[in-house]
Structures are given as C-alpha cells and as structure tokens.
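Heads up, the thing below is written out as structure tokens.
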Amino acid sequence: MANSPALSSSVPLGSCIAGIPITLHWSFFLLLALELVNALVKYVSKYPTYILFVVVLYGPILFLTILAHEFGHALTTKKLGGSVGGIVLWPLGGFAICGPTEGLSGDLKVSLAGPLTHIPMAFIWWCLYVGVSEDESGLWPSMTIYLDVLSNSAAG
C-alpha cells in the first residue's frame, strides 16, 4: 500500500495517531491558492474580510474536518482487525487506505465511523462560532449577510 500513486504524489505529514501515516495531496495547496487569488481579484475592495474567511475555511478548518473524518474510518478499521496503509487528504475530501475487516458488518461500521465524527465536530465549530461572534441576536448565525451577497447577482 505504501507505493500507492496517491501517497507518492502527496506531502508526508507524519503519523501522530496510532502510527497511521498522513499525507497531504499537492492539490490541497492548489485549491487554497486558487481560492485566495479568486478572493483577492473579486472581493478585496468590497469584502476584505472574505479573504481571511477563505484562508481560514480552506486552511485549518477544512484540513481538521477531513482529518477527523478519515481518522474515524481508519481507527475503526484498526479496531476491527483490518489494516490501514495511510490517510491521504485532498481539498474535496480524503481517503483512508484501509484493508478488509470482519465482513459486511465491519465494513458498515467503518463506513459509518467517518460521518459520525461530524456530530461532535459540529458542536465544536458551533462553540467556536459563539465564542468569537459579535452577533447579539442569539446563539445561531444570522443569515442576513448571506442573503445580501446572494441578492446582488447570480454571480454573488
């Protein structure tokens, strides 16, 4: 599994949990650069904080969310006796290179483990939002800014 094309075209990040090697595909940097250039060209004069939003969203938040999701799959595979060759992260997701488990029941558990990690993550991201939000209207984000941006044009 170590000679996988996905792993060879990726930047190794180490193996911090359970000895599972983590790599970051080069396209992760490409999407971040494209989104940053797009934000600079289109929104720098009208919405300067949008650039910060793009860097934070496509940087650490996307990275940590995908990583936690893939660790859900990988750690469940290891717990059920399967083998894990590594985790590859790329901008539209990631994949855990996992070997077989105890059968269909084990495969179902591995499949569900990734999405189930989003439940505690949603709570964590919401707590971070509440902690940094200056909105006085409550504990849920106001959608006014989103409707304002969308109402300007179809491109918005």
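FYI, nothing fancy with the structure tokens labels: chains A, B, ... in order, residues from 1 per chain, ligands from 1 as they appear.
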
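Excluding Ile66 (chain A) and any residue on its chain fewer than 3 positions from it, the residues at most 6 Å away by only C-alpha atoms are Phe63, His69 and Gly93 of chain A.
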
Write out, as a PDB file, in the first residue's frame, the residues just selected, with C-alpha atoms.
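Output below, filename again.pdb:
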```
ATOM      1  CA  PHE A  63      -7.939  20.255   6.985  1.00  0.00           C
ATOM      2  CA  HIS A  69     -13.435  12.155   9.344  1.00  0.00           C
ATOM      3  CA  GLY A  93     -12.158  15.158   0.979  1.00  0.00           C
TER       4      GLY A  93
END
```

Legend entry - Non-local contacts of region 96-103 of chain A (10 Å; only C-alpha atoms; under 6 positions in same chain excluded) as a PyMOL selection string: chain A and resi 1-2+4+6-7+20-22+67+69-89+109-110+114

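For the pair CA of Val11 (chain A) and CA of Phe29 (chain A), the separation is 10.5 Å.
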
Test item, strand (DSSP E or B) assignment across region 5-118 of chain A, answer as a PDB file with N, CA and C atoms, in the first residue's frame:
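Printed below is part-v6.pdb as written:
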```pdb
ATOM      1  N   SER A  10       1.935  12.977  -2.743  1.00  0.00           N
ATOM      2  CA  SER A  10       1.498  13.722  -1.570  1.00  0.00           C
ATOM      3  C   SER A  10       2.675  14.084  -0.682  1.00  0.00           C
ATOM      4  N   VAL A  11       2.452  15.099   0.150  1.00  0.00           N
ATOM      5  CA  VAL A  11       3.460  15.552   1.099  1.00  0.00           C
ATOM      6  C   VAL A  11       3.252  14.795   2.412  1.00  0.00           C
ATOM      7  N   PRO A  12       4.244  14.041   2.893  1.00  0.00           N
ATOM      8  CA  PRO A  12       4.068  13.313   4.155  1.00  0.00           C
ATOM      9  C   PRO A  12       4.013  14.274   5.343  1.00  0.00           C
ATOM     10  N   LEU A  13       3.036  14.046   6.234  1.00  0.00           N
ATOM     11  CA  LEU A  13       2.887  14.887   7.425  1.00  0.00           C
ATOM     12  C   LEU A  13       3.259  14.156   8.706  1.00  0.00           C
ATOM     13  N   GLY A  14       3.555  12.868   8.605  1.00  0.00           N
ATOM     14  CA  GLY A  14       3.908  12.092   9.785  1.00  0.00           C
ATOM     15  C   GLY A  14       2.807  11.118  10.153  1.00  0.00           C
ATOM     16  N   ILE A  22       0.018  10.031   7.550  1.00  0.00           N
ATOM     17  CA  ILE A  22      -0.887  11.032   6.977  1.00  0.00           C
ATOM     18  C   ILE A  22      -0.117  11.786   5.896  1.00  0.00           C
ATOM     19  N   THR A  23      -0.756  11.957   4.744  1.00  0.00           N
ATOM     20  CA  THR A  23      -0.152  12.729   3.674  1.00  0.00           C
ATOM     21  C   THR A  23      -1.150  13.751   3.161  1.00  0.00           C
ATOM     22  N   LEU A  24      -0.632  14.832   2.635  1.00  0.00           N
ATOM     23  CA  LEU A  24      -1.452  15.920   2.095  1.00  0.00           C
ATOM     24  C   LEU A  24      -1.171  16.009   0.597  1.00  0.00           C
ATOM     25  N   HIS A  25      -2.197  15.761  -0.212  1.00  0.00           N
ATOM     26  CA  HIS A  25      -2.039  15.779  -1.663  1.00  0.00           C
ATOM     27  C   HIS A  25      -1.719  17.199  -2.124  1.00  0.00           C
ATOM     28  N   VAL A  84      -4.458  -0.546   7.985  1.00  0.00           N
ATOM     29  CA  VAL A  84      -4.563   0.817   7.472  1.00  0.00           C
ATOM     30  C   VAL A  84      -3.208   1.194   6.884  1.00  0.00           C
ATOM     31  N   GLY A  85      -3.209   1.542   5.591  1.00  0.00           N
ATOM     32  CA  GLY A  85      -1.971   1.917   4.917  1.00  0.00           C
ATOM     33  C   GLY A  85      -1.649   3.393   5.036  1.00  0.00           C
ATOM     34  N   GLY A  86      -2.643   4.211   5.351  1.00  0.00           N
ATOM     35  CA  GLY A  86      -2.410   5.636   5.494  1.00  0.00           C
ATOM     36  C   GLY A  86      -3.660   6.437   5.196  1.00  0.00           C
ATOM     37  N   ILE A  87      -3.538   7.733   5.381  1.00  0.00           N
ATOM     38  CA  ILE A  87      -4.624   8.671   5.094  1.00  0.00           C
ATOM     39  C   ILE A  87      -4.082   9.709   4.128  1.00  0.00           C
ATOM     40  N   VAL A  88      -4.824   9.941   3.051  1.00  0.00           N
ATOM     41  CA  VAL A  88      -4.465  10.973   2.078  1.00  0.00           C
ATOM     42  C   VAL A  88      -5.530  12.053   2.142  1.00  0.00           C
ATOM     43  N   LEU A  89      -5.109  13.282   2.378  1.00  0.00           N
ATOM     44  CA  LEU A  89      -6.032  14.413   2.431  1.00  0.00           C
ATOM     45  C   LEU A  89      -5.910  15.204   1.142  1.00  0.00           C
ATOM     46  N   TRP A  90      -7.024  15.594   0.581  1.00  0.00           N
ATOM     47  CA  TRP A  90      -7.035  16.440  -0.602  1.00  0.00           C
ATOM     48  C   TRP A  90      -8.202  17.393  -0.454  1.00  0.00           C
ATOM     49  N   GLY A  93     -11.951  16.271   0.059  1.00  0.00           N
ATOM     50  CA  GLY A  93     -12.158  15.158   0.979  1.00  0.00           C
ATOM     51  C   GLY A  93     -10.837  14.519   1.336  1.00  0.00           C
ATOM     52  N   GLY A  94     -10.900  13.244   1.482  1.00  0.00           N
ATOM     53  CA  GLY A  94      -9.716  12.478   1.805  1.00  0.00           C
ATOM     54  C   GLY A  94     -10.083  11.018   1.684  1.00  0.00           C
ATOM     55  N   PHE A  95      -9.120  10.173   1.852  1.00  0.00           N
ATOM     56  CA  PHE A  95      -9.450   8.762   1.905  1.00  0.00           C
ATOM     57  C   PHE A  95      -8.461   8.034   2.775  1.00  0.00           C
ATOM     58  N   ALA A  96      -9.013   7.091   3.524  1.00  0.00           N
ATOM     59  CA  ALA A  96      -8.200   6.230   4.359  1.00  0.00           C
ATOM     60  C   ALA A  96      -7.952   4.963   3.548  1.00  0.00           C
ATOM     61  N   ILE A  97      -6.714   4.610   3.382  1.00  0.00           N
ATOM     62  CA  ILE A  97      -6.362   3.405   2.641  1.00  0.00           C
ATOM     63  C   ILE A  97      -6.423   2.249   3.635  1.00  0.00           C
ATOM     64  N   CYS A  98      -7.561   1.554   3.615  1.00  0.00           N
ATOM     65  CA  CYS A  98      -7.851   0.538   4.629  1.00  0.00           C
ATOM     66  C   CYS A  98      -7.984  -0.844   4.008  1.00  0.00           C
TER      67      CYS A  98
END
```

Inset, instruction - Check the DSSP output for the backbone and give back, as JSON, numbers by chain, the residues of region 71-146 of chain A in alpha helix (DSSP H). - result: {"A": [71, 72, 73, 74, 75, 76, 77, 78, 79, 104, 105, 106, 107, 108, 109, 110, 111, 112, 113, 114, 115, 116, 118, 119, 120, 121, 122, 123, 124, 125, 126, 127, 128, 129, 130, 131, 132, 144, 145, 146]}

Would you save the residues from that selection as a PDB file, in the first residue's frame, using C-alpha atoms?
```
ATOM      1  CA  PHE A  71      -9.410   9.008  11.328  1.00  0.00           C
ATOM      2  CA  GLY A  72     -12.939   7.809  12.089  1.00  0.00           C
ATOM      3  CA  HIS A  73     -12.655   5.334   9.218  1.00  0.00           C
ATOM      4  CA  ALA A  74      -9.034   4.370   9.910  1.00  0.00           C
ATOM      5  CA  LEU A  75      -9.285   3.854  13.676  1.00  0.00           C
ATOM      6  CA  THR A  76     -12.472   1.820  13.311  1.00  0.00           C
ATOM      7  CA  THR A  77     -10.742  -0.364  10.723  1.00  0.00           C
ATOM      8  CA  LYS A  78      -7.813  -0.938  13.101  1.00  0.00           C
ATOM      9  CA  LYS A  79     -10.184  -1.700  15.983  1.00  0.00           C
ATOM     10  CA  LEU A 104     -20.066  -6.746   5.758  1.00  0.00           C
ATOM     11  CA  SER A 105     -20.906  -5.775   9.331  1.00  0.00           C
ATOM     12  CA  GLY A 106     -17.373  -4.477   9.875  1.00  0.00           C
ATOM     13  CA  ASP A 107     -17.382  -2.630   6.557  1.00  0.00           C
ATOM     14  CA  LEU A 108     -20.662  -0.935   7.526  1.00  0.00           C
ATOM     15  CA  LYS A 109     -19.164   0.149  10.845  1.00  0.00           C
ATOM     16  CA  VAL A 110     -16.086   1.541   9.069  1.00  0.00           C
ATOM     17  CA  SER A 111     -18.288   3.373   6.554  1.00  0.00           C
ATOM     18  CA  LEU A 112     -20.409   4.985   9.277  1.00  0.00           C
ATOM     19  CA  ALA A 113     -17.488   5.899  11.548  1.00  0.00           C
ATOM     20  CA  GLY A 114     -16.298   8.756   9.316  1.00  0.00           C
ATOM     21  CA  PRO A 115     -19.616  10.623   9.049  1.00  0.00           C
ATOM     22  CA  LEU A 116     -20.323  10.073  12.762  1.00  0.00           C
ATOM     23  CA  HIS A 118     -19.125  15.204  12.241  1.00  0.00           C
ATOM     24  CA  ILE A 119     -21.564  15.199  15.175  1.00  0.00           C
ATOM     25  CA  PRO A 120     -19.010  16.242  17.824  1.00  0.00           C
ATOM     26  CA  MET A 121     -17.214  18.425  15.254  1.00  0.00           C
ATOM     27  CA  ALA A 122     -20.412  20.373  14.551  1.00  0.00           C
ATOM     28  CA  PHE A 123     -20.712  21.097  18.269  1.00  0.00           C
ATOM     29  CA  ILE A 124     -17.050  22.191  18.462  1.00  0.00           C
ATOM     30  CA  TRP A 125     -17.338  24.503  15.417  1.00  0.00           C
ATOM     31  CA  TRP A 126     -20.580  25.961  16.801  1.00  0.00           C
ATOM     32  CA  CYS A 127     -18.907  26.642  20.184  1.00  0.00           C
ATOM     33  CA  LEU A 128     -16.045  28.378  18.378  1.00  0.00           C
ATOM     34  CA  TYR A 129     -18.551  30.457  16.411  1.00  0.00           C
ATOM     35  CA  VAL A 130     -20.400  31.504  19.559  1.00  0.00           C
ATOM     36  CA  GLY A 131     -17.084  32.329  21.241  1.00  0.00           C
ATOM     37  CA  VAL A 132     -15.861  34.654  18.509  1.00  0.00           C
ATOM     38  CA  THR A 144     -28.636  38.339   6.571  1.00  0.00           C
ATOM     39  CA  ILE A 145     -25.123  38.670   5.163  1.00  0.00           C
ATOM     40  CA  TYR A 146     -25.542  35.574   3.027  1.00  0.00           C
TER      41      TYR A 146
END
```

Legend entry - Top pick for closest residue to Thr65 (chain A), considering A:Leu30, A:Ala18, A:Leu36, A:Leu92 and counting only C-alpha atoms: A:Leu92

Inset, instruction - Quick one: everything within 8 Å of region 52-59 of chain A, counting only C-alpha atoms, minus sequence neighbours fewer than 3 positions away in the same chain. Send it as a ChimeraX atom specification. - result: /A:32,35-36,39,48-49,62-63,91

Inset, instruction - To one decimal in Å, tell me the separation between CA of Ala68 (chain A) and CA of Thr117 (chain A). - result: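 Separating CA of Ala68 (chain A) from CA of Thr117 (chain A) is a distance of 6.7 Å.
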